[in-house]
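Student: File name data.txt; file contents compact mmCIF, C-alpha atoms and all ligand atoms; full text below.
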```txt
# COMPACT_ATOMS: atom_id res chain seq x y z
CA MET A 1 74.74 86.32 68.91
CA ALA A 2 75.83 85.21 72.35
CA VAL A 3 78.35 87.01 74.52
CA VAL A 4 81.07 84.66 75.75
CA VAL A 5 82.17 85.34 79.36
CA THR A 6 85.32 83.51 80.45
CA GLY A 7 85.83 83.02 84.18
CA SER A 8 82.03 82.92 84.50
CA ALA A 9 82.18 81.06 87.84
CA GLY A 10 84.40 83.74 89.40
CA PHE A 11 83.67 86.91 91.35
CA LEU A 12 83.48 89.33 88.42
CA GLY A 13 82.27 86.66 85.99
CA GLN A 14 79.14 85.87 87.99
CA ALA A 15 78.24 89.57 88.24
CA VAL A 16 78.77 90.15 84.51
CA VAL A 17 76.74 87.06 83.53
CA ALA A 18 73.87 88.08 85.84
CA ARG A 19 73.78 91.58 84.38
CA LEU A 20 73.87 90.38 80.77
CA LEU A 21 71.03 87.92 81.44
CA ALA A 22 68.98 90.60 83.20
CA ALA A 23 69.30 92.69 80.03
CA GLY A 24 67.89 89.77 78.02
CA ARG A 25 71.18 88.86 76.32
CA GLU A 26 72.34 85.37 75.49
CA VAL A 27 75.43 84.23 77.39
CA ILE A 28 77.90 81.39 77.04
CA GLY A 29 80.02 81.09 80.17
CA ILE A 30 83.35 79.27 80.10
CA ASP A 31 85.01 78.21 83.35
CA ARG A 32 86.94 75.16 84.42
CA ARG A 33 85.21 75.42 87.81
CA GLY A 34 81.96 73.51 87.43
CA GLY A 35 78.64 73.64 89.25
CA VAL A 36 77.50 77.02 87.93
CA PRO A 37 73.68 77.27 87.95
CA THR A 38 72.21 78.23 84.59
CA GLY A 39 68.84 79.52 83.42
CA PRO A 40 67.17 80.70 80.24
CA GLY A 41 69.64 82.25 77.81
CA HIS A 42 72.67 80.92 79.70
CA THR A 43 74.83 78.02 78.51
CA GLU A 44 77.80 77.09 80.68
CA LEU A 45 80.83 75.28 79.29
CA HIS A 46 82.81 73.49 81.96
CA ALA A 47 86.15 73.74 80.19
CA ASP A 48 89.69 75.05 80.44
CA LEU A 49 90.60 77.75 77.94
CA ILE A 50 93.75 75.82 77.19
CA GLY A 51 93.20 72.42 75.64
CA SER A 52 89.70 71.01 76.24
CA ASP A 53 89.60 69.76 72.64
CA GLY A 54 88.80 73.19 71.27
CA VAL A 55 85.42 73.46 73.06
CA ALA A 56 86.23 76.96 74.36
CA ALA A 57 87.85 78.08 71.09
CA ASP A 58 84.78 77.02 69.08
CA ALA A 59 82.47 79.09 71.32
CA ILE A 60 84.77 82.13 71.09
CA ARG A 61 84.99 81.84 67.30
CA GLU A 62 81.20 82.06 66.99
CA ALA A 63 80.66 84.73 69.69
CA GLY A 64 79.10 88.15 69.19
CA GLY A 65 81.64 89.47 71.73
CA VAL A 66 83.91 88.18 74.48
CA ILE A 67 84.52 89.35 78.05
CA HIS A 68 87.66 87.54 79.19
CA LEU A 69 87.78 87.42 82.99
CA ALA A 70 89.38 84.02 83.53
CA GLY A 71 92.74 84.30 85.21
CA CYS A 72 94.87 83.70 88.25
CA PRO A 73 94.20 86.80 90.36
CA GLY A 74 95.84 88.10 93.54
CA VAL A 75 98.65 90.61 93.89
CA ARG A 76 99.75 89.25 97.23
CA ASP A 77 100.42 85.75 96.07
CA SER A 78 103.49 86.68 94.06
CA ARG A 79 105.36 83.56 95.23
CA THR A 80 107.43 81.83 92.62
CA ASP A 81 105.81 78.42 93.25
CA VAL A 82 102.58 79.65 91.68
CA ALA A 83 104.46 81.38 88.85
CA TRP A 84 103.66 78.65 86.34
CA HIS A 85 99.90 78.66 87.10
CA ARG A 86 99.82 82.44 87.01
CA HIS A 87 101.60 82.54 83.65
CA ARG A 88 99.38 79.79 82.26
CA ASP A 89 96.08 81.37 83.28
CA ASN A 90 96.94 85.05 82.80
CA VAL A 91 99.16 84.93 79.73
CA LEU A 92 98.68 81.67 77.83
CA ALA A 93 94.90 81.60 78.36
CA THR A 94 94.73 85.17 77.01
CA ALA A 95 96.75 84.04 73.98
CA ALA A 96 94.26 81.19 73.50
CA VAL A 97 91.27 83.56 73.66
CA LEU A 98 92.83 86.07 71.25
CA GLY A 99 93.94 83.25 68.96
CA ALA A 100 90.39 81.97 68.68
CA ALA A 101 88.66 85.36 68.33
CA PRO A 102 88.13 86.62 64.78
CA ARG A 103 89.67 90.08 64.22
CA ARG A 104 86.24 91.74 63.92
CA THR A 105 85.08 90.41 67.31
CA THR A 106 85.33 92.79 70.25
CA VAL A 107 87.19 91.17 73.15
CA VAL A 108 87.34 92.83 76.57
CA VAL A 109 90.37 91.49 78.44
CA ALA A 110 90.60 92.14 82.19
CA THR A 111 94.17 92.95 83.15
CA SER A 112 94.73 94.96 86.36
CA SER A 113 95.53 98.35 87.87
CA SER A 114 98.52 96.64 89.47
CA ILE A 115 100.51 97.18 86.27
CA TYR A 116 100.83 100.88 87.23
CA GLY A 117 102.77 100.06 90.39
CA GLY A 118 100.57 102.34 92.50
CA SER A 119 99.63 106.01 92.51
CA VAL A 120 102.27 108.49 93.66
CA GLY A 121 101.40 111.55 95.73
CA GLY A 122 97.67 110.91 95.34
CA ARG A 123 97.85 111.44 91.57
CA PRO A 124 95.39 109.29 89.60
CA CYS A 125 96.94 106.76 87.19
CA ALA A 126 96.07 107.41 83.55
CA GLU A 127 96.16 104.92 80.68
CA THR A 128 99.00 106.87 79.05
CA ASP A 129 101.24 106.58 82.16
CA PRO A 130 104.34 104.39 81.93
CA LEU A 131 103.78 100.94 83.42
CA ASN A 132 105.65 99.78 86.50
CA PRO A 133 104.49 96.21 87.23
CA ARG A 134 105.73 95.06 90.65
CA GLY A 135 105.64 91.35 91.42
CA GLY A 136 104.70 88.27 89.42
CA TYR A 137 100.98 89.01 89.15
CA ALA A 138 101.44 92.50 87.69
CA ALA A 139 104.15 91.18 85.36
CA SER A 140 101.81 88.49 84.02
CA LYS A 141 99.13 91.11 83.37
CA ALA A 142 101.66 93.31 81.55
CA LEU A 143 102.49 90.34 79.30
CA ALA A 144 98.78 89.78 78.64
CA GLU A 145 98.52 93.44 77.63
CA ALA A 146 101.41 93.01 75.19
CA LEU A 147 99.44 90.22 73.48
CA CYS A 148 96.39 92.50 73.30
CA ARG A 149 98.46 95.26 71.69
CA ASP A 150 99.74 92.80 69.08
CA HIS A 151 96.21 91.69 68.30
CA ASN A 152 95.11 95.32 67.88
CA GLU A 153 98.10 96.17 65.69
CA ALA A 154 96.98 93.31 63.44
CA GLY A 155 93.53 94.90 63.11
CA GLY A 156 91.84 93.34 66.13
CA ARG A 157 89.37 94.96 68.55
CA VAL A 158 90.66 94.32 72.06
CA VAL A 159 89.55 96.53 74.93
CA VAL A 160 92.06 96.21 77.78
CA ALA A 161 90.09 96.81 80.97
CA ARG A 162 92.25 97.63 83.99
CA PRO A 163 90.06 97.06 87.04
CA PHE A 164 91.10 98.57 90.35
CA THR A 165 90.01 96.72 93.54
CA VAL A 166 86.46 95.39 93.17
CA ALA A 167 84.21 94.73 96.19
CA GLY A 168 80.72 93.49 96.96
CA GLU A 169 78.76 90.25 96.98
CA GLY A 170 80.91 87.23 96.06
CA GLN A 171 84.27 88.93 96.59
CA ARG A 172 87.11 86.36 96.55
CA SER A 173 88.04 85.07 99.98
CA ASP A 174 91.71 86.04 99.50
CA MET A 175 90.88 89.75 99.11
CA ALA A 176 91.38 92.16 102.02
CA LEU A 177 87.73 93.08 102.71
CA SER A 178 86.69 89.41 102.75
CA MET A 179 89.55 88.47 105.05
CA TRP A 180 88.78 91.37 107.39
CA ILE A 181 85.09 90.46 107.55
CA ASP A 182 86.01 86.86 108.45
CA ALA A 183 88.53 88.00 111.07
CA ALA A 184 86.14 90.55 112.61
CA ARG A 185 83.49 87.85 112.99
CA ALA A 186 85.92 85.39 114.52
CA GLY A 187 87.29 88.00 116.95
CA ARG A 188 90.77 87.76 115.42
CA PRO A 189 92.91 90.85 114.79
CA LEU A 190 92.57 92.35 111.31
CA ARG A 191 95.93 92.29 109.52
CA ILE A 192 96.76 95.54 107.75
CA LEU A 193 99.65 95.36 105.33
CA GLY A 194 101.74 98.53 105.36
CA GLY A 195 99.56 100.87 107.42
CA PRO A 196 95.99 102.11 107.97
CA GLU A 197 96.59 105.31 106.01
CA ARG A 198 97.13 103.39 102.77
CA THR A 199 94.37 103.75 100.18
CA ARG A 200 92.58 101.74 97.52
CA ASP A 201 90.30 102.80 94.69
CA VAL A 202 87.39 100.41 95.31
CA THR A 203 84.69 99.74 92.72
CA ASP A 204 81.28 98.29 93.55
CA VAL A 205 81.05 94.96 91.68
CA ARG A 206 77.71 96.04 90.19
CA ASP A 207 79.31 99.11 88.61
CA ALA A 208 82.35 97.08 87.52
CA ALA A 209 80.06 94.64 85.68
CA ARG A 210 78.11 97.51 84.15
CA ALA A 211 81.33 99.16 82.97
CA LEU A 212 82.76 95.94 81.47
CA ILE A 213 79.58 95.34 79.46
CA ALA A 214 79.44 98.97 78.31
CA LEU A 215 83.08 98.69 77.19
CA LEU A 216 82.18 95.60 75.16
CA ASP A 217 79.30 97.40 73.52
CA ALA A 218 81.41 100.49 72.75
CA GLY A 219 84.18 98.30 71.26
CA GLU A 220 86.88 100.97 71.43
CA PRO A 221 90.27 99.22 71.40
CA GLY A 222 93.04 100.03 73.87
CA PRO A 223 93.51 100.27 77.64
CA VAL A 224 90.91 101.78 79.96
CA ASN A 225 90.77 102.05 83.74
CA VAL A 226 87.78 100.62 85.61
CA GLY A 227 87.72 102.52 88.89
CA THR A 228 86.04 105.37 90.74
CA GLY A 229 88.86 107.90 91.05
CA VAL A 230 88.13 108.09 94.79
CA PRO A 231 90.73 106.54 97.11
CA ILE A 232 89.43 104.98 100.34
CA ARG A 233 91.70 104.59 103.37
CA LEU A 234 92.14 101.05 104.70
CA ASP A 235 91.05 102.18 108.19
CA ALA A 236 87.82 103.57 106.70
CA MET A 237 87.10 100.12 105.24
CA ILE A 238 87.74 98.53 108.62
CA ASP A 239 85.47 101.07 110.36
CA ALA A 240 82.72 100.22 107.86
CA ILE A 241 83.06 96.51 108.68
CA ALA A 242 82.99 97.15 112.44
CA THR A 243 79.87 99.31 112.06
CA ALA A 244 78.09 96.82 109.80
CA LEU A 245 78.82 93.89 112.12
CA ASP A 246 78.41 96.03 115.27
CA VAL A 247 81.61 94.64 116.78
CA ASP A 248 84.83 96.08 118.17
CA VAL A 249 87.82 95.13 116.05
CA ARG A 250 91.52 94.86 116.78
CA THR A 251 94.03 95.56 114.04
CA ARG A 252 97.63 94.49 113.56
CA VAL A 253 99.91 96.29 111.12
CA GLU A 254 102.34 94.00 109.30
CA PRO A 255 105.04 94.80 106.75
CA ALA A 256 103.85 94.89 103.16
CA GLY A 257 105.68 93.06 100.39
CA PRO A 258 107.16 95.10 97.52
CA GLU A 259 104.25 94.14 95.25
CA GLU A 260 101.75 95.61 97.74
CA VAL A 261 101.60 99.27 96.64
CA SER A 262 100.73 102.06 99.08
CA ASP A 263 97.95 103.73 97.16
CA THR A 264 95.83 103.19 94.08
CA ARG A 265 93.67 105.70 92.27
CA ALA A 266 92.17 105.62 88.79
CA ASP A 267 92.03 108.44 86.31
CA THR A 268 88.47 107.87 85.11
CA ARG A 269 88.30 110.33 82.23
CA ARG A 270 88.76 107.78 79.44
CA LEU A 271 86.22 105.40 80.97
CA GLU A 272 83.70 108.21 81.31
CA ARG A 273 84.23 109.33 77.73
CA ILE A 274 83.69 105.80 76.38
CA VAL A 275 80.84 104.52 78.55
CA GLY A 276 79.27 107.76 79.78
CA PHE A 277 79.53 107.17 83.51
CA VAL A 278 82.02 106.89 86.36
CA PRO A 279 81.53 104.04 88.87
CA HIS A 280 80.50 105.18 92.32
CA THR A 281 81.02 103.28 95.56
CA ASP A 282 78.86 103.61 98.66
CA LEU A 283 81.24 101.82 101.04
CA ALA A 284 78.67 101.06 103.76
CA ASP A 285 76.31 99.54 101.19
CA VAL A 286 79.01 97.46 99.49
CA VAL A 287 80.26 96.11 102.83
CA ALA A 288 76.71 95.30 103.99
CA ARG A 289 75.99 93.41 100.75
CA GLN A 290 79.25 91.53 100.97
CA ILE A 291 78.46 90.46 104.54
CA ALA A 292 74.90 89.43 103.58
CA ALA A 293 76.16 87.37 100.63
CA ALA A 294 78.74 85.64 102.84
CA ASP A 295 75.95 84.81 105.33
CA PHE A 296 73.85 83.36 102.53
CA GLU A 297 76.72 81.21 101.31
CA GLN A 298 77.38 79.96 104.83
CA VAL A 299 73.72 79.00 105.27
CA ALA A 300 73.69 77.29 101.88
CA GLU A 301 76.81 75.29 102.73
CA SER A 302 76.02 74.32 106.31
CA GLY A 303 72.26 74.60 106.57
CA ARG A 304 72.86 76.61 109.78
CA VAL A 305 71.80 80.19 110.36
CA PRO A 306 74.78 82.40 111.33
CA ALA A 307 74.72 84.11 114.74
P1 LIG B 1 88.15 84.76 90.26
O1 LIG B 1 89.31 83.91 90.66
O2 LIG B 1 87.01 84.89 91.19
O3 LIG B 1 87.61 84.24 88.85
C1 LIG B 1 88.46 83.75 87.84
C2 LIG B 1 87.79 82.52 87.24
O4 LIG B 1 88.56 82.10 86.10
C3 LIG B 1 87.73 81.30 88.19
O5 LIG B 1 86.39 80.88 88.34
C4 LIG B 1 88.61 80.25 87.52
O6 LIG B 1 88.10 78.93 87.66
C5 LIG B 1 88.56 80.69 86.06
N1 LIG B 1 89.76 80.29 85.28
C6 LIG B 1 91.04 80.63 85.53
N2 LIG B 1 91.85 80.12 84.59
C7 LIG B 1 91.05 79.44 83.71
C8 LIG B 1 91.31 78.71 82.51
N3 LIG B 1 92.56 78.56 82.04
N4 LIG B 1 90.26 78.14 81.88
C9 LIG B 1 89.00 78.26 82.36
N5 LIG B 1 88.69 78.94 83.49
C10 LIG B 1 89.71 79.54 84.15
O7 LIG B 1 88.77 86.21 89.89
P2 LIG B 1 88.00 87.63 89.82
O8 LIG B 1 88.25 88.37 91.07
O9 LIG B 1 86.62 87.43 89.33
O10 LIG B 1 88.86 88.36 88.69
C11 LIG B 1 88.52 88.26 87.32
C12 LIG B 1 89.62 88.89 86.47
O11 LIG B 1 89.74 90.27 86.79
C13 LIG B 1 91.01 88.28 86.70
O12 LIG B 1 91.69 88.24 85.48
C14 LIG B 1 91.67 89.25 87.65
O13 LIG B 1 93.07 89.19 87.56
C15 LIG B 1 91.07 90.57 87.20
N6 LIG B 1 91.01 91.59 88.25
C16 LIG B 1 90.21 91.40 89.33
C17 LIG B 1 90.16 92.39 90.32
C18 LIG B 1 89.29 92.23 91.55
O14 LIG B 1 89.29 93.15 92.40
N7 LIG B 1 88.57 91.15 91.72
C19 LIG B 1 90.94 93.56 90.19
C20 LIG B 1 91.75 93.69 89.07
C21 LIG B 1 91.77 92.72 88.10
```
Any chance you could give the structure as structure tokens?

Tutor:
Amino acid sequence: MAVVVTGSAGFLGQAVVARLLAAGREVIGIDRRGGVPTGPGHTELHADLIGSDGVAADAIREAGGVIHLAGCPGVRDSRTDVAWHRHRDNVLATAAVLGAAPRRTTVVVATSSSIYGGSVGGRPCAETDPLNPRGGYAASKALAEALCRDHNEAGGRVVVARPFTVAGEGQRSDMALSMWIDAARAGRPLRILGGPERTRDVTDVRDAARALIALLDAGEPGPVNVGTGVPIRLDAMIDAIATALDVDVRTRVEPAGPEEVSDTRADTRRLERIVGFVPHTDLADVVARQIAAADFEQVAESGRVPA
């Protein structure tokens, strides 16, 4: 039976679909963003999870398993004018997916590490920690988790994956590494929110995809962190970009909003117990791949070779 991947045109969705196909599995992608190339074993439904005459719900009902990655991501954009879209795509779309999924079907729902409200004193955040969602994005993910809990209490099999920052080829253009790479290339100062000593637990997108699929296959309900347990300083990320591009960079520290936490770090013990490995990030490699993928995209769009 096919695995349904929602958000299949997105950053994580594309990586998960590619990995499933490489393992010879059948995939049905669902995304309202069209134009996704398909190949053998891959059907793509160009549909919204909400409405769309039940096209998405029918696919989910018949699925062998679901990895739900569709959503409105981005901690920084906690403005109230996107509150409706965020609620629709993070909360209501999750309700639609869970509503369509039979109780016996394993559903992996991507929420976010942001619901912890950051790591304090370098201590890793564990799944049993109290939640402290700061800002509209984290709040919407906490609501999505409440729906998942309900589904599990009614006998469902929902794995709540809490990814920490993910990086690598295809990273969204609104994420810090992508923005810094663009700025470094254009000779603009790199904006650092809060300070260079702040840290993020960064997972290589390849390991994130591998972990999400392994969580689906294990089918153990409840929350689980998807991270490395190794915090990386923001200035180390910037150094890696400067080295990869062989340019000098200028930075500018700006005040961080309240939703922008100082540090993130995953407790990886539960993930390791369930899937048998802990993601590992080689920062130089991840940054180099992200730059190469951005080059490729630029060539594909413009037909010009980047300098
Ligand atoms: P993305 O924006 O690249 O992909 C999301 C995809 O979902 C998009 O292609 C969008 O068109 C689709 N989508 C959104 N709402 C939809 C709907 N109602 N119906 C159909 N399609 C819909 O985001 P991403 O970075 O790949 O993140 C995937 C998920 O993981 C999100 O839920 C995000 O909040 C979560 N997450 C991501 C990260 C990260 O570092 N990228 C970290 C933590 C959590």

Student: Within 6 Å of ligand LIG 1 (chain B), which residues show up when you count only C-alpha atoms and all ligand atoms? List them as a compact mmCIF listing (two decimals) with C-alpha atoms, in the frame of the given file, please.

Tutor:
```
# COMPACT_ATOMS: atom_id res chain seq x y z
CA GLY A 7 85.83 83.02 84.18
CA ALA A 9 82.18 81.06 87.84
CA GLY A 10 84.40 83.74 89.40
CA PHE A 11 83.67 86.91 91.35
CA LEU A 12 83.48 89.33 88.42
CA GLY A 13 82.27 86.66 85.99
CA ASP A 31 85.01 78.21 83.35
CA ARG A 32 86.94 75.16 84.42
CA ARG A 33 85.21 75.42 87.81
CA ALA A 47 86.15 73.74 80.19
CA ASP A 48 89.69 75.05 80.44
CA LEU A 49 90.60 77.75 77.94
CA ILE A 50 93.75 75.82 77.19
CA LEU A 69 87.78 87.42 82.99
CA ALA A 70 89.38 84.02 83.53
CA GLY A 71 92.74 84.30 85.21
CA CYS A 72 94.87 83.70 88.25
CA PRO A 73 94.20 86.80 90.36
CA ASP A 89 96.08 81.37 83.28
CA ALA A 93 94.90 81.60 78.36
CA ALA A 110 90.60 92.14 82.19
CA THR A 111 94.17 92.95 83.15
CA SER A 112 94.73 94.96 86.36
CA PRO A 163 90.06 97.06 87.04
CA PHE A 164 91.10 98.57 90.35
CA THR A 165 90.01 96.72 93.54
CA VAL A 166 86.46 95.39 93.17
CA ARG A 172 87.11 86.36 96.55
```

Student: Between CA of Asp53 in chain A and CA of Ile30 in chain A, what is the distance, to one decimal in Å?

Tutor: 13.6 Å

Student: Write out as CSV a residue-level contact list of range 32-88 of chain A versus range 215-231 of chain A with cut-off 12 Å: for each qualifying residue the closest pair of atoms and the distance in Å to one decimal, counting all atoms listed in the file, rows sorted by chain and residue number upward.

Tutor:
```
residue,atom,partner,partner_atom,distance
A:Gly64,CA,A:Leu216,CA,10.0
A:Gly65,CA,A:Leu216,CA,7.0
A:Val66,CA,A:Leu216,CA,7.6
A:Ile67,CA,A:Leu216,CA,7.3
A:His68,CA,A:Leu216,CA,10.5
```

Student: Counting only C-alpha atoms, what is within 10 Å of Ile291 in chain A, bar same-chain residues fewer than 3 positions away, as a PyMOL selection string?

Tutor: chain A and resi 168-171+177-178+181-182+241+244-245+285-288+294-297

Student: Record the distance separating CA of Ala167 in chain A and CA of Asp207 in chain A, expressed in Å with one decimal.

Tutor: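 Interatomic distance, CA of Ala167 in chain A to CA of Asp207 in chain A: 10.0 Å.
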
Student: Find the residues around Ala176 in chain A up to 9 Å (only C-alpha atoms counted), leave out those fewer than 3 positions away in its own chain, and share them as a PDB file with C-alpha atoms, in the frame of the given file.

Tutor:
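Just written: result.pdb:
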```pdb
ATOM      1  CA  SER A 173      88.040  85.070  99.980  1.00  0.00           C
ATOM      2  CA  MET A 179      89.550  88.470 105.050  1.00  0.00           C
ATOM      3  CA  TRP A 180      88.780  91.370 107.390  1.00  0.00           C
ATOM      4  CA  ILE A 181      85.090  90.460 107.550  1.00  0.00           C
ATOM      5  CA  ARG A 191      95.930  92.290 109.520  1.00  0.00           C
ATOM      6  CA  ILE A 192      96.760  95.540 107.750  1.00  0.00           C
TER       7      ILE A 192
END
```

Student: Just how far from CA of Val3 in chain A is CA of Val36 in chain A, in Å to one decimal?

Tutor: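 A separation of 16.7 Å between them.
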
Student: Hey, could you pull the box centre and edge lengths for range 109-122 of chain A, axis-aligned, 4 Å padding per side, all listed atoms, to one decimal in Å, as AutoDock Vina command-line options?

Tutor:
```
--center_x 96.6 --center_y 101.5 --center_z 87.1 --size_x 20.4 --size_y 28.1 --size_z 25.3
```

Student: Using only C-alpha atoms, which residue out of A:Ile115, A:Leu21, A:Ala236, A:Val4 lies closest to Arg134 in chain A?

Tutor: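 Checking each candidate against Arg134 in chain A, we get A:Ile115 as the closest.
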
Student: If you count all atoms listed in the file, which residues fall within 8 Å of Leu190 in chain A, apart from same-chain ones fewer than 2 positions away, as a list in words?

Tutor: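 The residues that qualify are Met179, Trp180, Ala183, Ala184, Arg188, Ile192, Val249, Arg250, Thr251 and Arg252 of chain A.
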
Student: With distances taken over all atoms listed in the file, which of A:His151, A:Arg198, A:Arg233, A:Arg162 is nearest to Leu212 in chain A?

Tutor: A:Arg162

Student: Hey, what's within 7 Å of His42 in chain A if we count all atoms listed in the file and toss same-chain stuff fewer than 5 positions away? As a PDB file with C-alpha atoms, in the frame of the given file, please?

Tutor:
```
ATOM      1  CA  GLU A  26      72.340  85.370  75.490  1.00  0.00           C
ATOM      2  CA  VAL A  27      75.430  84.230  77.390  1.00  0.00           C
ATOM      3  CA  ILE A  28      77.900  81.390  77.040  1.00  0.00           C
TER       4      ILE A  28
END
```

Student: For a quick check of understanding, using all atoms listed in the file, which of A:Ala138, A:Val108, A:Ala63, A:Ala2 has the smallest distance to Asn90 in chain A?

Tutor: A:Ala138
